[in-house]
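For reference, work-v8.txt is printed below; it contains compact mmCIF, C-alpha atoms and all ligand atoms.
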# COMPACT_ATOMS: atom_id res chain seq x y z
CA MET A 30 99.87 97.57 117.73
CA PRO A 31 100.76 94.30 119.47
CA THR A 32 98.50 91.30 119.18
CA PHE A 33 96.50 89.40 121.75
CA VAL A 34 94.56 86.13 121.67
CA TYR A 35 90.91 85.49 122.45
CA MET A 36 91.38 82.32 124.44
CA THR A 37 87.79 81.25 123.90
CA ARG A 38 88.34 81.15 120.13
CA CYS A 39 91.82 79.59 120.21
CA ASP A 40 92.05 75.81 119.88
CA GLY A 41 95.75 75.60 120.71
CA CYS A 42 96.87 74.47 117.22
CA GLY A 43 100.20 76.31 117.62
CA HIS A 44 100.42 77.86 114.12
CA CYS A 45 101.00 81.30 115.65
CA VAL A 46 103.75 79.87 117.85
CA ASP A 47 105.50 78.37 114.84
CA ILE A 48 105.34 81.50 112.70
CA CYS A 49 106.09 84.27 115.22
CA PRO A 50 109.53 85.74 114.38
CA SER A 51 109.80 87.27 117.85
CA ASP A 52 109.06 83.94 119.61
CA ILE A 53 106.52 85.59 121.88
CA MET A 54 103.47 83.49 121.01
CA HIS A 55 103.39 80.67 123.52
CA ILE A 56 100.91 78.01 124.51
CA ASP A 57 99.75 78.36 128.10
CA PRO A 58 100.68 75.04 129.77
CA THR A 59 97.56 75.03 131.93
CA TYR A 60 94.86 76.18 129.54
CA ARG A 61 96.50 74.90 126.29
CA ARG A 62 95.68 78.15 124.53
CA ALA A 63 98.00 80.67 122.90
CA LEU A 64 99.00 83.99 124.42
CA ASN A 65 101.34 86.81 123.54
CA ILE A 66 103.79 86.68 126.45
CA GLU A 67 105.64 89.92 125.66
CA PRO A 68 103.46 92.44 123.75
CA ASN A 69 106.16 95.13 123.90
CA MET A 70 108.45 92.82 121.90
CA CYS A 71 105.84 92.33 119.15
CA TRP A 72 107.17 93.17 115.68
CA GLU A 73 103.59 93.97 114.62
CA CYS A 74 104.19 91.84 111.55
CA TYR A 75 100.74 90.19 111.89
CA SER A 76 102.04 86.86 110.62
CA CYS A 77 100.18 85.26 113.52
CA VAL A 78 96.95 87.02 112.53
CA LYS A 79 97.24 85.65 109.00
CA ALA A 80 98.24 82.17 110.18
CA CYS A 81 95.49 81.68 112.77
CA PRO A 82 92.75 79.43 111.34
CA GLN A 83 90.34 80.41 114.14
CA ASN A 84 90.54 84.20 113.72
CA ALA A 85 91.45 84.21 117.39
CA ILE A 86 94.10 86.94 117.23
CA ASP A 87 93.40 90.67 117.20
CA ALA A 88 95.54 93.78 117.47
CA ARG A 89 95.51 96.17 120.41
CA GLY A 90 95.72 99.60 118.84
CA TYR A 91 97.74 102.39 120.43
CA ALA A 92 96.20 105.81 121.07
CA ASP A 93 98.06 107.29 118.09
CA PHE A 94 96.24 104.86 115.82
CA ALA A 95 92.75 105.60 117.14
CA PRO A 96 91.51 107.30 120.34
CA LEU A 97 91.30 105.09 123.41
CA GLY A 98 88.16 103.05 123.70
CA HIS A 99 88.29 101.71 120.15
CA SER A 100 88.55 98.09 119.06
CA VAL A 101 90.42 96.53 116.13
CA ARG A 102 89.00 93.30 114.73
CA VAL A 103 91.07 91.36 112.24
CA LEU A 104 89.52 88.77 109.96
CA ARG A 105 91.54 86.48 107.73
CA GLU A 106 89.47 85.00 104.92
CA GLU A 107 91.32 82.23 103.20
CA SER A 108 88.68 81.73 100.49
CA LYS A 109 89.01 85.37 99.41
CA GLY A 110 92.76 85.61 100.09
CA THR A 111 92.22 88.76 102.17
CA VAL A 112 92.76 90.21 105.61
CA SER A 113 90.07 92.65 106.75
CA TRP A 114 90.52 95.20 109.51
CA LYS A 115 87.46 96.60 111.24
CA ILE A 116 88.13 99.58 113.49
CA LYS A 117 85.30 100.61 115.76
CA PHE A 118 85.67 104.00 117.43
CA ARG A 119 84.16 104.70 120.83
CA ASP A 120 81.49 106.93 119.24
CA GLY A 121 80.34 103.92 117.21
CA THR A 122 81.95 104.96 113.90
CA GLU A 123 83.34 101.99 111.99
CA LYS A 124 86.06 101.87 109.35
CA ASP A 125 86.79 98.81 107.24
CA PHE A 126 89.99 98.04 105.36
CA VAL A 127 90.54 94.98 103.17
CA SER A 128 94.01 93.92 101.99
CA PRO A 129 94.97 91.03 99.73
CA ILE A 130 97.22 88.49 101.45
CA ARG A 131 98.56 86.97 98.27
CA THR A 132 98.05 86.70 94.54
CA THR A 133 98.24 82.91 94.15
CA PRO A 134 95.80 80.28 95.46
CA TRP A 135 96.22 79.22 99.08
CA GLY A 136 98.51 76.19 99.39
CA SER A 137 99.82 76.51 95.82
CA ILE A 138 103.36 77.52 96.78
CA LYS A 139 105.67 74.56 97.34
CA SER A 140 107.64 74.50 100.56
CA PRO A 141 111.46 74.36 100.35
CA ALA A 142 111.33 70.69 101.40
CA GLU A 143 109.40 69.84 98.24
CA TYR A 144 112.28 70.89 95.97
CA GLU A 145 115.34 68.83 95.19
CA SER A 146 118.18 69.27 97.64
CA PRO A 147 121.01 71.51 96.45
CA THR A 148 124.05 69.75 95.02
CA GLU A 149 127.61 70.25 96.21
CA GLU A 150 128.27 72.25 93.05
CA SER A 151 125.35 74.63 93.67
CA PHE A 152 127.00 75.95 96.85
CA ARG A 153 129.74 77.42 94.64
CA ASP A 154 127.22 78.95 92.22
CA GLN A 155 126.85 82.75 92.11
CA GLN A 156 123.10 82.39 91.82
CA LEU A 157 120.74 81.73 94.67
CA ALA A 158 118.50 78.69 94.85
CA HIS A 159 116.06 78.46 91.93
CA GLU A 160 117.54 81.45 90.14
CA PRO A 161 117.01 82.48 87.41
CA GLU A 162 113.70 80.66 86.80
CA PHE A 163 112.00 82.01 89.97
CA LEU A 164 112.77 85.55 88.81
CA LYS A 165 111.10 84.71 85.49
CA VAL A 166 114.16 85.65 83.44
CA ASP A 167 116.26 83.48 81.13
CA GLU A 168 119.60 84.32 82.70
CA LEU A 169 121.29 86.61 85.19
CA PRO A 170 124.63 88.39 84.84
CA THR A 171 127.48 86.67 86.65
CA LEU A 172 130.84 87.96 87.81
CA ASP A 173 134.04 86.72 86.20
CA PRO A 174 136.21 85.53 89.13
CA ASP A 175 139.35 86.24 87.05
CA ASP A 176 138.36 89.83 86.31
CA ARG A 177 139.74 91.92 89.22
CA GLY A 178 138.74 95.21 87.63
CA THR A 179 142.32 96.56 87.46
CA ASP A 180 142.33 97.34 83.69
FE1 LIG A 201 104.70 87.55 116.68
FE2 LIG A 201 104.33 89.12 114.52
FE3 LIG A 201 102.25 88.12 115.87
FE4 LIG A 201 103.73 90.03 116.98
S1 LIG A 201 102.45 90.23 115.14
S2 LIG A 201 102.99 88.17 118.01
S3 LIG A 201 105.78 89.47 116.22
S4 LIG A 201 103.78 86.94 114.70
FE1 LIG A 202 95.24 79.61 118.89
FE2 LIG A 202 95.11 80.77 116.49
FE3 LIG A 202 97.47 80.44 117.70
FE4 LIG A 202 96.14 78.29 116.73
S1 LIG A 202 97.02 80.00 115.54
S2 LIG A 202 97.19 78.46 118.75
S3 LIG A 202 94.02 78.92 117.13
S4 LIG A 202 95.77 81.74 118.42

Once you've parsed the file, please lay out its structure as C-alpha cells.
Amino acid sequence: MPTFVYMTRCDGCGHCVDICPSDIMHIDPTYRRALNIEPNMCWECYSCVKACPQNAIDARGYADFAPLGHSVRVLREESKGTVSWKIKFRDGTEKDFVSPIRTTPWGSIKSPAEYESPTEESFRDQQLAHEPEFLKVDELPTLDPDDRGTD
C-alpha cells in the first residue's frame, strides 16, 4: 500500500522527505508541497506517515487489502503515542486499528549527535556503540583474538 499526500493538509515542512528510506518523497518545486514521486518504489514502511505532523499522508490500499472503492485513513497521535488506521469499505463498513508507535515519551530518545563522539580506541572494540549499557546487561562475551579454535 503506497502512500500519497493530501496537498491541502501538507505545509511543506519536509519531514517525510528527510525520513523516507526510498527517497521518493519530494517537495513539488511549484506548489511547495510533498508528493510521492514513485509509488511503486514505496517500501510501505509508513515512516512518513508517522513523521508527518499534519496527518497529511495516507495509504492507498491495494485490492487484496480491501475491495476497490475503500479508503484508508491514517492518524498519528503524538500525545497518545499511537497510529490509528481507519478502513472504510464501499458499503460503509468501517474498521479501526490502533497500534502503539513507541513505549517511551515522544522526544525522550537522544539523537546520536547528543552522545560523546567515539574515541580512536572504540573503533577497535568488539562491542558496538553504547554496548553493553544500551542492552541493559552488565557485560557481553568477547572473543579472544589469540584463540584460533584449533585445540
Ligand atoms: Fe517512503 Fe516509507 Fe513513506 Fe513509502 S511509506 S513514501 S518508503 S517513508
Ligand atoms: Fe507535508 Fe507532512 Fe511531508 Fe511535512 S511531513 S512535507 S506536512 S506531507

task: Identify, on the basis of only C-alpha atoms, every residue whose closest approach to Met36 of chain A does not exceed 8 Å; exclude the query and any residue fewer than 2 positions from it along the same chain; express the result as a ChimeraX atom specification.
output: /A:34,38-40,62-64,85

Selection within 12 Å of ligand LIG 202 (chain A) by all atoms listed in the file, output as JSON, numbers by chain: {"A": [32, 33, 34, 35, 36, 37, 38, 39, 40, 41, 42, 43, 44, 45, 46, 47, 48, 49, 53, 54, 55, 56, 57, 60, 61, 62, 63, 64, 65, 75, 76, 77, 78, 79, 80, 81, 82, 83, 84, 85, 86, 87, 104, 105]}

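Between atom CA of Lys115 of chain A and atom CA of Val127 of chain A the interatomic distance comes to 8.8 Å.
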
Please give the centre and size of the box around ligand LIG 201 (chain A) (axis-aligned, containing every atom listed in the file, 4 Å added per side), with values in Å to one decimal and written as AutoDock Vina command-line options.
--center_x 104.0 --center_y 88.6 --center_z 116.3 --size_x 11.5 --size_y 11.3 --size_z 11.5

- prompt: What is the atom CA of Tyr91 of chain A-atom CA of Cys74 of chain A distance in Å, reported with one decimal?
  reply: 15.2 Å

- prompt: What residues have an atom no more than 7 Å from (90.9, 93.9, 107.3) in the file's own frame, counting all atoms listed in the file, and can you write them as a list in words?
  reply: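 Collected hits near the coordinates: Val103, Leu104, Val112, Ser113, Trp114, Lys115, Asp125, Phe126, Val127 and Ser128 of chain A.
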
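Between atom CA of Ile66 of chain A and atom FE4 of ligand LIG 201 (chain A) there is a distance of 10.0 Å.
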
task: Find the spatial neighbours of Pro147 of chain A, counting all atoms listed in the file, within a cut-off of 10 Å - ignore same-chain residues fewer than 3 positions away - and output them as a list in words.
output: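 Within the cut-off, the hits are Tyr144, Glu150, Ser151, Phe152, Ala158 and His159 of chain A.
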
field: Close residues, segment 172-175 of chain A itself excluded, 8 Å, all atoms listed in the file, min 2 positions apart in chain, as a list of chain:residue names
entry: A:Gln155, A:Pro170, A:Arg177

Is it possible to add all heavy atoms to segment 40-51 of chain A and hand it back as a CSV table (one decimal), in the frame of the given file?
chain,number,residue,atom,x,y,z
A,40,ASP,N,92.1,77.2,119.6
A,40,ASP,CA,92.0,75.8,119.9
A,40,ASP,C,93.4,75.2,120.2
A,40,ASP,O,93.6,74.0,120.2
A,40,ASP,CB,91.4,75.1,118.7
A,40,ASP,CG,92.2,75.1,117.4
A,40,ASP,OD1,93.3,75.6,117.4
A,40,ASP,OD2,91.7,74.6,116.4
A,41,GLY,N,94.4,76.1,120.3
A,41,GLY,CA,95.8,75.6,120.7
A,41,GLY,C,96.5,74.9,119.6
A,41,GLY,O,97.4,74.1,119.9
A,42,CYS,N,96.2,75.2,118.3
A,42,CYS,CA,96.9,74.5,117.2
A,42,CYS,C,98.4,74.8,117.1
A,42,CYS,O,99.1,74.0,116.6
A,42,CYS,CB,96.2,74.8,115.9
A,42,CYS,SG,96.5,76.5,115.3
A,43,GLY,N,98.8,76.0,117.6
A,43,GLY,CA,100.2,76.3,117.6
A,43,GLY,C,100.7,77.0,116.4
A,43,GLY,O,101.9,77.2,116.3
A,44,HIS,N,99.9,77.2,115.3
A,44,HIS,CA,100.4,77.9,114.1
A,44,HIS,C,101.1,79.2,114.4
A,44,HIS,O,102.1,79.6,113.8
A,44,HIS,CB,99.3,78.1,113.1
A,44,HIS,CG,98.8,76.8,112.5
A,44,HIS,ND1,99.6,75.7,112.4
A,44,HIS,CD2,97.6,76.4,112.0
A,44,HIS,CE1,98.9,74.7,111.8
A,44,HIS,NE2,97.7,75.1,111.6
A,45,CYS,N,100.5,80.0,115.3
A,45,CYS,CA,101.0,81.3,115.6
A,45,CYS,C,102.3,81.2,116.4
A,45,CYS,O,103.2,82.0,116.2
A,45,CYS,CB,100.0,82.1,116.5
A,45,CYS,SG,99.6,81.3,118.1
A,46,VAL,N,102.5,80.1,117.2
A,46,VAL,CA,103.8,79.9,117.8
A,46,VAL,C,104.8,79.6,116.8
A,46,VAL,O,106.0,80.1,116.9
A,46,VAL,CB,103.6,78.7,118.8
A,46,VAL,CG1,104.9,78.4,119.5
A,46,VAL,CG2,102.5,79.0,119.8
A,47,ASP,N,104.5,78.8,115.8
A,47,ASP,CA,105.5,78.4,114.8
A,47,ASP,C,105.9,79.6,114.0
A,47,ASP,O,107.1,79.6,113.6
A,47,ASP,CB,104.9,77.3,113.9
A,47,ASP,CG,104.7,76.0,114.6
A,47,ASP,OD1,105.3,75.8,115.7
A,47,ASP,OD2,103.9,75.2,114.1
A,48,ILE,N,105.0,80.5,113.7
A,48,ILE,CA,105.3,81.5,112.7
A,48,ILE,C,105.9,82.8,113.3
A,48,ILE,O,106.5,83.6,112.6
A,48,ILE,CB,104.1,81.8,111.9
A,48,ILE,CG1,104.5,82.3,110.5
A,48,ILE,CG2,103.2,82.8,112.5
A,48,ILE,CD1,103.4,82.4,109.5
A,49,CYS,N,105.7,83.0,114.6
A,49,CYS,CA,106.1,84.3,115.2
A,49,CYS,C,107.6,84.5,115.2
A,49,CYS,O,108.4,83.7,115.8
A,49,CYS,CB,105.6,84.3,116.7
A,49,CYS,SG,106.1,85.9,117.5
A,50,PRO,N,108.1,85.5,114.5
A,50,PRO,CA,109.5,85.7,114.4
A,50,PRO,C,110.1,86.2,115.7
A,50,PRO,O,111.3,86.2,115.9
A,50,PRO,CB,109.7,86.8,113.3
A,50,PRO,CG,108.4,87.6,113.3
A,50,PRO,CD,107.3,86.5,113.7
A,51,SER,N,109.3,86.7,116.6
A,51,SER,CA,109.8,87.3,117.8
A,51,SER,C,109.7,86.2,119.0
A,51,SER,O,110.1,86.5,120.1
A,51,SER,CB,109.0,88.5,118.2
A,51,SER,OG,109.6,89.2,119.3
